[in-house]
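A short write-up of the structure that comes next.
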Amino acid sequence: MRGYLKTTLAFLRNTWRGLTSMRTALVLLFLLALASLPGALIPQRSLNISEVNRYFAEYPTLAPILDKLGAFEVFSSVWFASIYVLLFISLIGCLLPRCFEYYKQWRSKPVRTPRNLSRMPHHEQATLDTSVDEVMAGTRSRLRGWRMVEREEDGGAKSISAERGFLREIGNLVFHFALVGLLLSVAGGKLYGYEGQVIVVADGSEFCNSGTYNYDSFRAGLTVDGTQLSPFCVRVNGFDIDYERNGQVGDYRVDLQYQSGEDLENNTWQPYLLQVNHPLRTAGDRIYLTGNGYAPRFTVTFPDGQQRTDVIQWQPADPMTMLSQGATKFDPPGVLDDAQRRQNQLAITGLFAPTAAFDGAILSSSFPDLLDPAAAVDVMRGDLGLDSGRGQSIFGVDQSMVDQGRLQRVARENLRVGEEIRLDDGTTVRFDGVERWANLQVSHDPFQPWVLLFSVLIIFGISTSLMIKRRRVWVRAAPHPDQDGSGSARTVVEVGGLARTDQAGYGEEFTRLAADLLGTGVDHSPKSRAAAGPARERKS
Amino acid sequence: MPVNETLSTYSDMAYATSVVVYILAMLLYFAEFSRGRVGAVERNREAALVGGGGGDATSAPVVGHVPAPEKRPFSERLGGMAVAMTLLGAVVHFASLLLRGLATGRVPWGNMYEFGSAICLAAVVAWLVVLYRQTRTARRAATSPQLRGLGGFLMLPVILLLFLSGTVLYAQAAPLIPALQSYWIVIHVAAAIIASGVLLFAGVASLLYLVRCRYENNPLKMTKVGSRLPTSQALDRVAYRATVIIFPVWTFAIVAGAIWAEAAWGRFWGWDPKETCSFIAWVVYAAYLHARATAGWRGVRAAWINILGLAVMIFNLFFINIVVAGLHSYAGL
Ligand code: HEM
């Protein structure tokens with residue numbers, strides 16, 4: 001039993017050691033890079049669903065296999081998560097002991113000067129005409145800013161061990177911990193954030209962030225149930241959009257008003273011009289424009305003279321020309337009997353072109369901007385199926401009603417603005433004009449400031465860690481064995497240096513330092529020159 | 001703001017001129033290289049050391065016959081001309097970018113052509129800085145490695161990239177599309193350009209390091225090129241230092257991109273192909289730095305990782321911008 005326990009423990013210990021070794025970290029980093037690769041090469045569902053569908057059409061055998069492997073959702077796949085979770089476990093397992101070690105090093109004094117300094121990677125030696133104490137004083141002032149300790153040695157010799165660049169290790173630890181912090185903040189955003197899309201017609205319509213039902217689509221973080229959305233309202237008064245000559249969206253300006261906080265109680269509105277690169281930030285949420293389109297306005301005049309007008313967004317069918325399709329639906333006014341109402345509901349469906357181009361009678365659009373609007377409509381009458389309990393798209397009619405003959409086409413016509421159709425029962429349908437609509441994205445991520453903070457720490461950590469060199473220098477001053485009788489002291493000074501990390505570049509600093517201390521070479525600081533005195537003899 | 005056609009024409013002329021000057025520089029570098037300058041210099045240095053005190057033997061006053069001052073070896077003069085040409089090319093190249101910026105009234109890195117051009121300039125400037133630092137240290141300590149042999153090998157990809165940018169990817173000077181009109185284009189893209197250019201230089205150094213290592217391990221291999229290259233230690237060192245200096249800049253470029261994306265696209269990170277590929281490159285360079293601290297991975301393997309990093313950067317520049325559909329595609333060809 002004890003043996004069993006022992007082997008288990010040994011196994012666990014070895015696994016842990018293996019997991020937290022540099023080599024494992026390296027392998028996991030490679031795996032992470034490799035695992036991200038399909039995310040760049042294969043279309044991802046979360047980014048571009050139509051590309052994914054095209055992929056399926058193009059590679060009908062391969063795509064389902066890739067799909068099983070999660071290749072279309074790489075960054076939420078289990079294998080991707082397992083790699084970075086392992087990496088971060090390894091990272092933490094690696095960091096904690098390094099913190100202790102670093103703390104111990106920081107508390108302890110610089111190590112004793114090695115007996116044989118000439119075996120250090122950097123070493124220089126000279127004999128100076130000064131006393132041991134003067135050399136020590138000069139060294140101390142030259143090495144200001146270094147961690148130093150002075151020790152007495154045999155035979156009247158003295159030595160200084162100095163160390164510098166501890167910040168490197170701090171930078172390294174800050175960097176790695178900030179990576180962990182970044183991961184946690186991103187995860188926090190996934191837990192507590194939300195993102196919703198809503199279409200608002202730009203004719204003064206309002207949207208309030210009071211519940212998820214106000215959205216057309218809503219993606220909630222894992223802990224978000226939709227009851228505690230940040231309260232604010234926006235009102236879209238106008239929408240201005242410029243197109244490039246090739247039909248690409250150039251600039252846009254959404255003329256908004258919004259209220260949040262106290263404004264909600266006083267019912268005051270603040271103006272805001274929503275533009276490219278300038279989202280509206282209010283109540284801890286951000287509001288972006290992510291799409292736009294057209295909402296044709298139709299007025300129906302019923303035989304009894306009553307009028308109904310409606311503007312509802314139609315859906316762009318072609319993003320390049322903004323040819324749009326949709327359905328604007330009407331209930332007959334003043335009809336109380338359900339059955340009768342259900343026979344006389346109207347839907348105006350079809351296509352809308354902002355810049356009409358006719359091929360015969362077939363409408364298409366030649367440019368996305370509103371230059372010459374026209375609509376090709378089918379007017380449907382009958383039961384729209386709105387009471388059937390089944391949800392239906394706002395952009396179309398319920399096809400099953402059409403198939404059952406309960407919804408029938410009663411007119412088909414191309415309309416320009418201001419034109420109208422008269423139906424067989426005397427009802428007229430007029431195409432009044434067009435509004436634009438804005439698709440607003442509302443995003444909430446309370447952890448965003450943390451993500452930013454940790455990113456900045458990452459940059460600072462990595463910079464200090466890479467720029468600063470951790471290095472040691474030792475200076476030993478010993479009385480020269482054959483002092484001349486004249487009383488002037490002679491001292492043998494030895495300098496040794498060691499870079500504790502990748503030593504690219506330490507050599508230059510050491511050369512300068514040794515030159516200053518030994519009085520050789522060009523001297524920059526007057527103080528050290530005085531302390532070091534002139535050189536007599538130099539071996540190196 | 002309308003485009004100033006005259007300035008943009010001058011910019012194009014400067015661009016073409018800089019490519020020609022770079023080609024000349026490359027030929028001069030290779031001419032020096034093929035004459036095996038490295039060996040010659042080492043012999044010279046030894047002579048100087050024997051001569052004593054680092055002083056020039058010919059400068060000592062000699063009574064009697066005055067020997068003619070020793071000429072700088074021809075190959076070394078070629079090298080000096082190569083460096084001068086590089087400098088000239090860089091100045092003209094810079095002028096080309098500057099003129100384009102003035103012509104369009106915006107930063108001159110709004111499309112792939114300008115981006116490629118700026119990356120090349122960054123690489124060339126990195127190279128000139130390395131040369132400059134080297135001459136400085138060379139004066140102080142005679143032990144500095146001669147790096148000039150690298151020159152031709154760096155100019156080669158630079159010229160290729162410039163050629164590609166100037167032909168296939170060329171774009172008429174035009175104002176920025178509004179989506180790019182933000183001060184973040186100055187910050188984010190400039191950081192990305194500098195990082196890419198310097199990493200290009202580092203990658204070339206690592207590649208040559210591999211060649212030199214093969215030669216050093218077995219002098220019968222790669223003799224022609226290997227024997228003339230700087231020592232593997234020197235190559236390793238420039239590659240490492242360039243990468244280390246620029247890695248934080250690359251990190252910053254990614255973070256700045258994320259900050260911009262937060263304002264422009266509604267999220268700071270969305271695994272857009274460009275973002276993904278930048279992340280991969282970043283991880284590969286992190287792996288390079290780790291490899292430098294891992295026993296058994298320091299030399300050749302680390303160099304391979306650096307080259308892999310460069311490959312990812314190039315892939316990110318061309319393939320992702322041109323082939324893959326993503327939010328960055330509007331950077332335009
Ligand atoms: C999320 C994964 C990681 C990333 C992105 C990362 C990145 C980096 C980078 C960029 C450096 C260079 C800084 C320097 O050289 O001082 C570095 C250094 C270092 N990393 Fe990591 N690291 C990760 C995980 C780990 C893990 C799991 C370990 C432990 C096994 C580790 C241990 C170290 C050590 C010891 C250094 C110092 C190397 C040196 O002194 O040069 N890292 N890391």
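By order of appearance in the structure tokens: chains A, B, ..., then residues from 1 within every chain, and ligands from 1 in the order shown.
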Considering only C-alpha atoms and all ligand atoms, give me a table of residues in chain A that are at most 7 Å from ligand 1, with the closest atom pair and distance in Å for each, as a Markdown table.
| residue | atom | partner | partner_atom_place_in_ligand_line | distance |
| --- | --- | --- | --- | --- |
| A:Thr20 | CA | ligand 1 | 30 (C) | 4.6 |
| A:Ser21 | CA | ligand 1 | 30 (C) | 4.5 |
| A:Met22 | CA | ligand 1 | 30 (C) | 4.0 |
| A:Thr24 | CA | ligand 1 | 30 (C) | 6.6 |
| A:Ala25 | CA | ligand 1 | 27 (C) | 4.3 |
| A:Leu29 | CA | ligand 1 | 2 (C) | 6.4 |
| A:Leu87 | CA | ligand 1 | 27 (C) | 5.5 |
| A:Phe88 | CA | ligand 1 | 1 (C) | 5.8 |
| A:Ser90 | CA | ligand 1 | 27 (C) | 4.3 |
| A:Leu91 | CA | ligand 1 | 27 (C) | 3.2 |
| A:Ile92 | CA | ligand 1 | 27 (C) | 6.9 |
| A:Cys94 | CA | ligand 1 | 29 (C) | 4.3 |
| A:Leu95 | CA | ligand 1 | 29 (C) | 6.7 |
| A:Asn172 | CA | ligand 1 | 16 (O) | 5.3 |
| A:His176 | CA | ligand 1 | 22 (N) | 6.2 |
| A:Leu179 | CA | ligand 1 | 1 (C) | 6.3 |
| A:Ile462 | CA | ligand 1 | 13 (C) | 5.8 |
| A:Ser465 | CA | ligand 1 | 16 (O) | 4.7 |
| A:Leu466 | CA | ligand 1 | 16 (O) | 5.2 |
| A:Thr501 | CA | ligand 1 | 40 (O) | 6.1 |
| A:Asp502 | CA | ligand 1 | 41 (O) | 6.7 |
Mind dumping the selected residues with N, CA and C atoms as a CSV table (one decimal), in the first residue's frame?
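Result file follows (result_33.csv):
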chain,number,residue,atom,x,y,z
A,20,THR,N,6.1,21.5,-15.9
A,20,THR,CA,6.5,22.9,-15.6
A,20,THR,C,7.9,23.1,-16.1
A,21,SER,N,8.4,22.2,-16.9
A,21,SER,CA,9.8,22.4,-17.4
A,21,SER,C,9.8,23.4,-18.6
A,22,MET,N,10.9,24.0,-18.9
A,22,MET,CA,11.0,24.9,-20.0
A,22,MET,C,10.7,24.2,-21.3
A,24,THR,N,8.7,21.7,-21.9
A,24,THR,CA,7.3,21.5,-22.1
A,24,THR,C,6.6,22.8,-22.5
A,25,ALA,N,7.1,23.9,-21.8
A,25,ALA,CA,6.5,25.2,-22.2
A,25,ALA,C,6.7,25.5,-23.7
A,29,LEU,N,4.0,26.0,-26.5
A,29,LEU,CA,3.9,27.2,-27.3
A,29,LEU,C,3.8,26.9,-28.7
A,87,LEU,N,-0.9,25.1,-21.0
A,87,LEU,CA,0.2,26.1,-21.0
A,87,LEU,C,0.2,27.0,-19.8
A,88,PHE,N,-1.0,27.4,-19.4
A,88,PHE,CA,-1.1,28.3,-18.3
A,88,PHE,C,-0.9,27.6,-17.0
A,90,SER,N,1.2,25.1,-16.7
A,90,SER,CA,2.7,25.0,-16.7
A,90,SER,C,3.3,26.4,-16.3
A,91,LEU,N,2.7,27.4,-16.8
A,91,LEU,CA,3.2,28.8,-16.6
A,91,LEU,C,3.1,29.1,-15.1
A,92,ILE,N,2.0,28.8,-14.5
A,92,ILE,CA,1.9,29.1,-13.0
A,92,ILE,C,2.8,28.2,-12.2
A,94,CYS,N,5.5,27.2,-13.1
A,94,CYS,CA,6.8,27.6,-13.3
A,94,CYS,C,7.1,28.9,-12.6
A,95,LEU,N,6.1,29.7,-12.5
A,95,LEU,CA,6.2,31.1,-11.9
A,95,LEU,C,6.4,31.0,-10.4
A,172,ASN,N,10.4,40.0,-16.0
A,172,ASN,CA,10.0,38.7,-16.5
A,172,ASN,C,8.8,38.2,-15.7
A,176,HIS,N,4.9,37.4,-17.2
A,176,HIS,CA,4.2,36.2,-17.2
A,176,HIS,C,3.0,36.2,-16.3
A,179,LEU,N,0.3,37.8,-18.3
A,179,LEU,CA,-0.3,36.9,-19.2
A,179,LEU,C,-1.5,36.2,-18.6
A,462,ILE,N,7.8,42.8,-20.6
A,462,ILE,CA,8.7,42.2,-21.6
A,462,ILE,C,9.8,43.2,-21.9
A,465,SER,N,12.3,43.1,-19.1
A,465,SER,CA,13.0,41.8,-19.1
A,465,SER,C,13.9,41.6,-20.2
A,466,LEU,N,13.7,42.2,-21.3
A,466,LEU,CA,14.6,42.0,-22.5
A,466,LEU,C,15.7,43.0,-22.5
A,501,THR,N,22.5,36.2,-17.7
A,501,THR,CA,21.6,35.8,-18.7
A,501,THR,C,22.3,36.0,-20.1
A,502,ASP,N,21.5,35.7,-21.1
A,502,ASP,CA,22.1,35.7,-22.4
A,502,ASP,C,23.0,36.9,-22.6
*Write out as an NGL selection string the residues lying within 8 Å of Leu78 (chain B), counting only C-alpha atoms and excluding same-chain residues fewer than 5 positions away.*
:B and (28-29 or 31-32)
Which residues of chain B sit at most 9 Å from chain A, using only C-alpha atoms? Give each one's shortest atom pair and distance in Å (one decimal place), in chain and ascending residue order, as JSON lines.
{"residue": "B:Thr137", "atom": "CA", "partner": "A:Glu508", "partner_atom": "CA", "distance": 8.0}
{"residue": "B:Ala141", "atom": "CA", "partner": "A:Glu508", "partner_atom": "CA", "distance": 8.7}
{"residue": "B:Ile177", "atom": "CA", "partner": "A:Gly250", "partner_atom": "CA", "distance": 6.3}
{"residue": "B:Pro178", "atom": "CA", "partner": "A:Asp251", "partner_atom": "CA", "distance": 5.5}
{"residue": "B:Ala179", "atom": "CA", "partner": "A:Val276", "partner_atom": "CA", "distance": 5.9}
{"residue": "B:Leu180", "atom": "CA", "partner": "A:Asn277", "partner_atom": "CA", "distance": 8.5}
{"residue": "B:Gln181", "atom": "CA", "partner": "A:Asn277", "partner_atom": "CA", "distance": 8.2}
{"residue": "B:Ser182", "atom": "CA", "partner": "A:Asn277", "partner_atom": "CA", "distance": 7.1}
{"residue": "B:Arg237", "atom": "CA", "partner": "A:Ala504", "partner_atom": "CA", "distance": 6.2}
{"residue": "B:Val238", "atom": "CA", "partner": "A:Ala504", "partner_atom": "CA", "distance": 8.6}
{"residue": "B:Tyr240", "atom": "CA", "partner": "A:Ala504", "partner_atom": "CA", "distance": 8.0}
{"residue": "B:Arg241", "atom": "CA", "partner": "A:Ala504", "partner_atom": "CA", "distance": 7.1}
{"residue": "B:Val244", "atom": "CA", "partner": "A:Leu466", "partner_atom": "CA", "distance": 6.1}
{"residue": "B:Ile245", "atom": "CA", "partner": "A:Met467", "partner_atom": "CA", "distance": 7.2}
{"residue": "B:Phe247", "atom": "CA", "partner": "A:Ile462", "partner_atom": "CA", "distance": 8.3}
{"residue": "B:Pro248", "atom": "CA", "partner": "A:Ser463", "partner_atom": "CA", "distance": 5.7}
{"residue": "B:Val249", "atom": "CA", "partner": "A:Ile459", "partner_atom": "CA", "distance": 8.2}
{"residue": "B:Thr251", "atom": "CA", "partner": "A:Ile459", "partner_atom": "CA", "distance": 6.5}
{"residue": "B:Phe252", "atom": "CA", "partner": "A:Ile459", "partner_atom": "CA", "distance": 6.4}
{"residue": "B:Val255", "atom": "CA", "partner": "A:Ser455", "partner_atom": "CA", "distance": 6.7}
{"residue": "B:Ile259", "atom": "CA", "partner": "A:Leu452", "partner_atom": "CA", "distance": 8.2}
{"residue": "B:Trp260", "atom": "CA", "partner": "A:Asn277", "partner_atom": "CA", "distance": 7.8}
{"residue": "B:Ala261", "atom": "CA", "partner": "A:Asn277", "partner_atom": "CA", "distance": 8.5}
{"residue": "B:Glu262", "atom": "CA", "partner": "A:Asn277", "partner_atom": "CA", "distance": 8.6}
{"residue": "B:Ala263", "atom": "CA", "partner": "A:Asn277", "partner_atom": "CA", "distance": 5.0}
{"residue": "B:Ala264", "atom": "CA", "partner": "A:Asn277", "partner_atom": "CA", "distance": 4.4}
{"residue": "B:Trp265", "atom": "CA", "partner": "A:Thr290", "partner_atom": "CA", "distance": 7.9}
{"residue": "B:Gly266", "atom": "CA", "partner": "A:Tyr288", "partner_atom": "CA", "distance": 6.3}
{"residue": "B:Arg267", "atom": "CA", "partner": "A:Ser443", "partner_atom": "CA", "distance": 8.1}
{"residue": "B:Phe268", "atom": "CA", "partner": "A:Gln448", "partner_atom": "CA", "distance": 8.6}
{"residue": "B:Gly270", "atom": "CA", "partner": "A:Leu47", "partner_atom": "CA", "distance": 7.9}
{"residue": "B:Trp271", "atom": "CA", "partner": "A:Gly39", "partner_atom": "CA", "distance": 7.5}
{"residue": "B:Asp272", "atom": "CA", "partner": "A:Leu47", "partner_atom": "CA", "distance": 7.2}
{"residue": "B:Pro273", "atom": "CA", "partner": "A:Ala40", "partner_atom": "CA", "distance": 4.4}
{"residue": "B:Lys274", "atom": "CA", "partner": "A:Ala40", "partner_atom": "CA", "distance": 7.4}
{"residue": "B:Glu275", "atom": "CA", "partner": "A:Ala40", "partner_atom": "CA", "distance": 8.5}
{"residue": "B:Thr276", "atom": "CA", "partner": "A:Ala40", "partner_atom": "CA", "distance": 5.9}
{"residue": "B:Cys277", "atom": "CA", "partner": "A:Ala40", "partner_atom": "CA", "distance": 6.3}
{"residue": "B:Phe279", "atom": "CA", "partner": "A:Ala33", "partner_atom": "CA", "distance": 7.9}
{"residue": "B:Ile280", "atom": "CA", "partner": "A:Ala33", "partner_atom": "CA", "distance": 4.9}
{"residue": "B:Ala281", "atom": "CA", "partner": "A:Ala33", "partner_atom": "CA", "distance": 7.7}
{"residue": "B:Trp282", "atom": "CA", "partner": "A:Ala33", "partner_atom": "CA", "distance": 8.8}
{"residue": "B:Val283", "atom": "CA", "partner": "A:Ala33", "partner_atom": "CA", "distance": 6.1}
{"residue": "B:Val284", "atom": "CA", "partner": "A:Ala33", "partner_atom": "CA", "distance": 6.7}
{"residue": "B:Ala286", "atom": "CA", "partner": "A:Leu29", "partner_atom": "CA", "distance": 7.9}
{"residue": "B:Ala287", "atom": "CA", "partner": "A:Leu26", "partner_atom": "CA", "distance": 5.8}
{"residue": "B:Tyr288", "atom": "CA", "partner": "A:Leu26", "partner_atom": "CA", "distance": 8.6}
{"residue": "B:His290", "atom": "CA", "partner": "A:Leu26", "partner_atom": "CA", "distance": 6.5}
{"residue": "B:Ala291", "atom": "CA", "partner": "A:Leu26", "partner_atom": "CA", "distance": 6.8}
{"residue": "B:Arg292", "atom": "CA", "partner": "A:Asp502", "partner_atom": "CA", "distance": 7.9}
{"residue": "B:Ala293", "atom": "CA", "partner": "A:Met22", "partner_atom": "CA", "distance": 7.9}
{"residue": "B:Thr294", "atom": "CA", "partner": "A:Met22", "partner_atom": "CA", "distance": 6.0}
{"residue": "B:Ala295", "atom": "CA", "partner": "A:Arg23", "partner_atom": "CA", "distance": 8.3}
{"residue": "B:Trp297", "atom": "CA", "partner": "A:Arg23", "partner_atom": "CA", "distance": 8.9}
{"residue": "B:Ile320", "atom": "CA", "partner": "A:Ala40", "partner_atom": "CA", "distance": 8.0}
{"residue": "B:Val324", "atom": "CA", "partner": "A:Leu41", "partner_atom": "CA", "distance": 7.3}
{"residue": "B:Ala325", "atom": "CA", "partner": "A:Pro43", "partner_atom": "CA", "distance": 8.6}
{"residue": "B:Gly326", "atom": "CA", "partner": "A:Leu47", "partner_atom": "CA", "distance": 8.5}
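Using only C-alpha atoms for every distance, the candidate list B:Val189, B:Val300, B:Ala258, B:Asn218 yields B:Val300 as the residue closest to Leu235 (chain B).
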_Can you pull out the residues contacting Ser75 (chain B)? Cut-off 7 Å, using only C-alpha atoms, and skip same-chain residues under 2 positions away; I want them as number ranges by chain._
B: 32, 35, 37, 73, 77-79
Keeping only N, CA and C atoms, write the selected residues as a PDB file, in the first residue's frame.
ATOM      1  N   GLU B  32      32.306  42.317 -52.817  1.00  0.00           N
ATOM      2  CA  GLU B  32      33.233  42.269 -51.690  1.00  0.00           C
ATOM      3  C   GLU B  32      33.240  40.874 -51.080  1.00  0.00           C
ATOM      4  N   ARG B  35      35.185  38.210 -52.754  1.00  0.00           N
ATOM      5  CA  ARG B  35      36.636  38.322 -52.677  1.00  0.00           C
ATOM      6  C   ARG B  35      37.161  37.910 -51.307  1.00  0.00           C
ATOM      7  N   ARG B  37      36.620  38.974 -48.120  1.00  0.00           N
ATOM      8  CA  ARG B  37      37.148  40.060 -47.346  1.00  0.00           C
ATOM      9  C   ARG B  37      37.442  39.684 -45.890  1.00  0.00           C
ATOM     10  N   PRO B  73      42.590  47.492 -49.040  1.00  0.00           N
ATOM     11  CA  PRO B  73      42.385  46.469 -50.063  1.00  0.00           C
ATOM     12  C   PRO B  73      41.155  46.790 -50.900  1.00  0.00           C
ATOM     13  N   ARG B  77      37.282  48.402 -50.175  1.00  0.00           N
ATOM     14  CA  ARG B  77      36.714  49.624 -50.747  1.00  0.00           C
ATOM     15  C   ARG B  77      35.348  49.334 -51.370  1.00  0.00           C
ATOM     16  N   LEU B  78      35.239  48.135 -51.977  1.00  0.00           N
ATOM     17  CA  LEU B  78      33.929  47.747 -52.521  1.00  0.00           C
ATOM     18  C   LEU B  78      32.873  47.753 -51.421  1.00  0.00           C
ATOM     19  N   GLY B  79      33.282  47.190 -50.276  1.00  0.00           N
ATOM     20  CA  GLY B  79      32.342  47.121 -49.160  1.00  0.00           C
ATOM     21  C   GLY B  79      31.933  48.507 -48.701  1.00  0.00           C
TER      22      GLY B  79
END
*Polymer residues at most 8 Å from Leu162 (chain B), only C-alpha atoms, same-chain spacing of 3 or more positions, as a list in words*: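 Residues meeting the cut-off are Val19, Gly116, Ser117, Cys120, Val158, Ile159, Ser165 and Gly166 of chain B.
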*Might you pull out every residue within 7 Å of Asp383 (chain A), with only C-alpha atoms counted and same-chain residues fewer than 2 positions away left off, and present them as an MDAnalysis selection string?*
chainID A and resid 342:345 381 385 401 406:407
*Taking into account only C-alpha atoms, which residue in the set A:Thr127, A:Asn266, A:Asp425, A:Thr349 is nearest to Asp304 (chain A)?*
A:Asp425
Check region 136-265 of chain A with DSSP on the backbone and list each residue it calls strand (DSSP E), as a CSV table (one decimal) with C-alpha atoms, in the first residue's frame.
chain,number,residue,atom,x,y,z
A,147,ARG,CA,23.9,46.0,-5.1
A,148,MET,CA,27.3,45.7,-3.4
A,149,VAL,CA,28.9,44.0,-0.5
A,150,GLU,CA,32.5,44.6,0.6
A,151,ARG,CA,34.5,41.8,2.1
A,152,GLU,CA,37.9,41.6,3.7
A,158,LYS,CA,39.6,43.6,0.0
A,159,SER,CA,37.0,42.8,-2.5
A,160,ILE,CA,33.6,44.1,-3.6
A,161,SER,CA,30.9,41.8,-5.1
A,162,ALA,CA,28.3,43.8,-7.0
A,163,GLU,CA,25.2,42.8,-8.9
A,164,ARG,CA,22.8,44.6,-11.1
A,194,TYR,CA,-23.0,40.6,-23.5
A,195,GLU,CA,-23.5,41.8,-27.1
A,196,GLY,CA,-26.7,42.6,-28.8
A,197,GLN,CA,-27.8,43.6,-32.3
A,198,VAL,CA,-30.7,45.8,-33.0
A,199,ILE,CA,-32.1,47.5,-36.0
A,200,VAL,CA,-33.4,51.0,-35.5
A,201,VAL,CA,-35.1,53.0,-38.3
A,205,SER,CA,-37.1,55.7,-33.5
A,206,GLU,CA,-35.8,54.7,-30.1
A,207,PHE,CA,-34.2,51.7,-28.6
A,208,CYS,CA,-33.9,51.1,-24.9
A,217,SER,CA,-30.2,39.0,-31.6
A,218,PHE,CA,-28.4,38.8,-28.3
A,219,ARG,CA,-25.3,36.9,-27.1
A,220,ALA,CA,-25.2,36.7,-23.4
A,232,PHE,CA,-29.8,53.6,-21.4
A,233,CYS,CA,-31.8,54.6,-24.4
A,234,VAL,CA,-30.8,55.8,-27.9
A,235,ARG,CA,-32.9,57.6,-30.5
A,236,VAL,CA,-31.7,57.5,-34.1
A,237,ASN,CA,-32.7,60.8,-35.7
A,238,GLY,CA,-30.8,60.6,-39.0
A,239,PHE,CA,-28.3,58.7,-41.0
A,240,ASP,CA,-25.9,60.0,-43.5
A,241,ILE,CA,-23.7,57.7,-45.5
A,242,ASP,CA,-21.2,58.3,-48.3
A,243,TYR,CA,-20.2,55.7,-50.8
A,249,VAL,CA,-19.1,52.3,-47.8
A,250,GLY,CA,-17.0,55.4,-47.2
A,251,ASP,CA,-18.0,57.4,-44.3
A,252,TYR,CA,-21.1,57.4,-42.2
A,253,ARG,CA,-22.6,59.7,-39.6
A,254,VAL,CA,-25.5,58.5,-37.4
A,255,ASP,CA,-27.2,61.4,-35.7
A,256,LEU,CA,-28.1,60.0,-32.3
A,257,GLN,CA,-29.5,61.1,-29.0
A,258,TYR,CA,-29.0,59.0,-25.9
A,259,GLN,CA,-29.9,59.1,-22.3
A,260,SER,CA,-28.4,57.2,-19.4
*Residue with smallest distance to Gln172 (chain B) - pool B:Ala103, B:Leu27, B:Met81, B:Val20, counting only C-alpha atoms*: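 Result for the nearest residue to Gln172 (chain B): B:Ala103.
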*Hey, can you check how far CA of Asn439 (chain A) sits from CA of Tyr215 (chain A)?*
10.5 Å
_Env of Pro175 (chain B): 12 Å cut, atoms = only C-alpha atoms, seq-sep filter 6 positions within chain, self excluded. Answer as a list of chain:residue names._
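Near neighbours after the sequence-gap exclusion: A:Glu244, A:Gly250, B:Met1, B:Pro2, B:Val3, B:Asn4, B:Ser8, B:Arg100, B:Gly101, B:Leu102, B:Ala103, B:Thr104, B:Gly105, B:Arg106, B:Val107, B:Pro108, B:Trp109, B:Gly110, B:Asn111, B:Gln181.
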*Would you mind writing down, as number ranges by chain, each residue of region 242-429 of chain A that DSSP on the backbone assigns to helix (DSSP H, G or I)?*
A: 262-266, 338-341, 399-403
Residues as selected, C-alpha atoms, written as a compact mmCIF listing (two decimals), in the first residue's frame, can you do that?
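Everything below was put into out-v8.txt:
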# COMPACT_ATOMS: atom_id res chain seq x y z
CA GLU A 262 -29.84 60.71 -14.36
CA ASP A 263 -30.91 61.68 -17.85
CA LEU A 264 -33.26 58.73 -17.80
CA GLU A 265 -35.15 60.20 -14.84
CA ASN A 266 -35.20 63.76 -16.16
CA ASP A 338 -60.71 37.36 -35.97
CA ALA A 339 -61.77 35.13 -38.81
CA GLN A 340 -62.65 38.04 -41.02
CA ARG A 341 -59.48 39.88 -40.18
CA GLN A 399 -44.61 30.34 -46.98
CA SER A 400 -46.86 27.60 -45.60
CA MET A 401 -49.80 30.02 -45.71
CA VAL A 402 -49.06 30.64 -49.35
CA ASP A 403 -48.77 26.91 -50.01
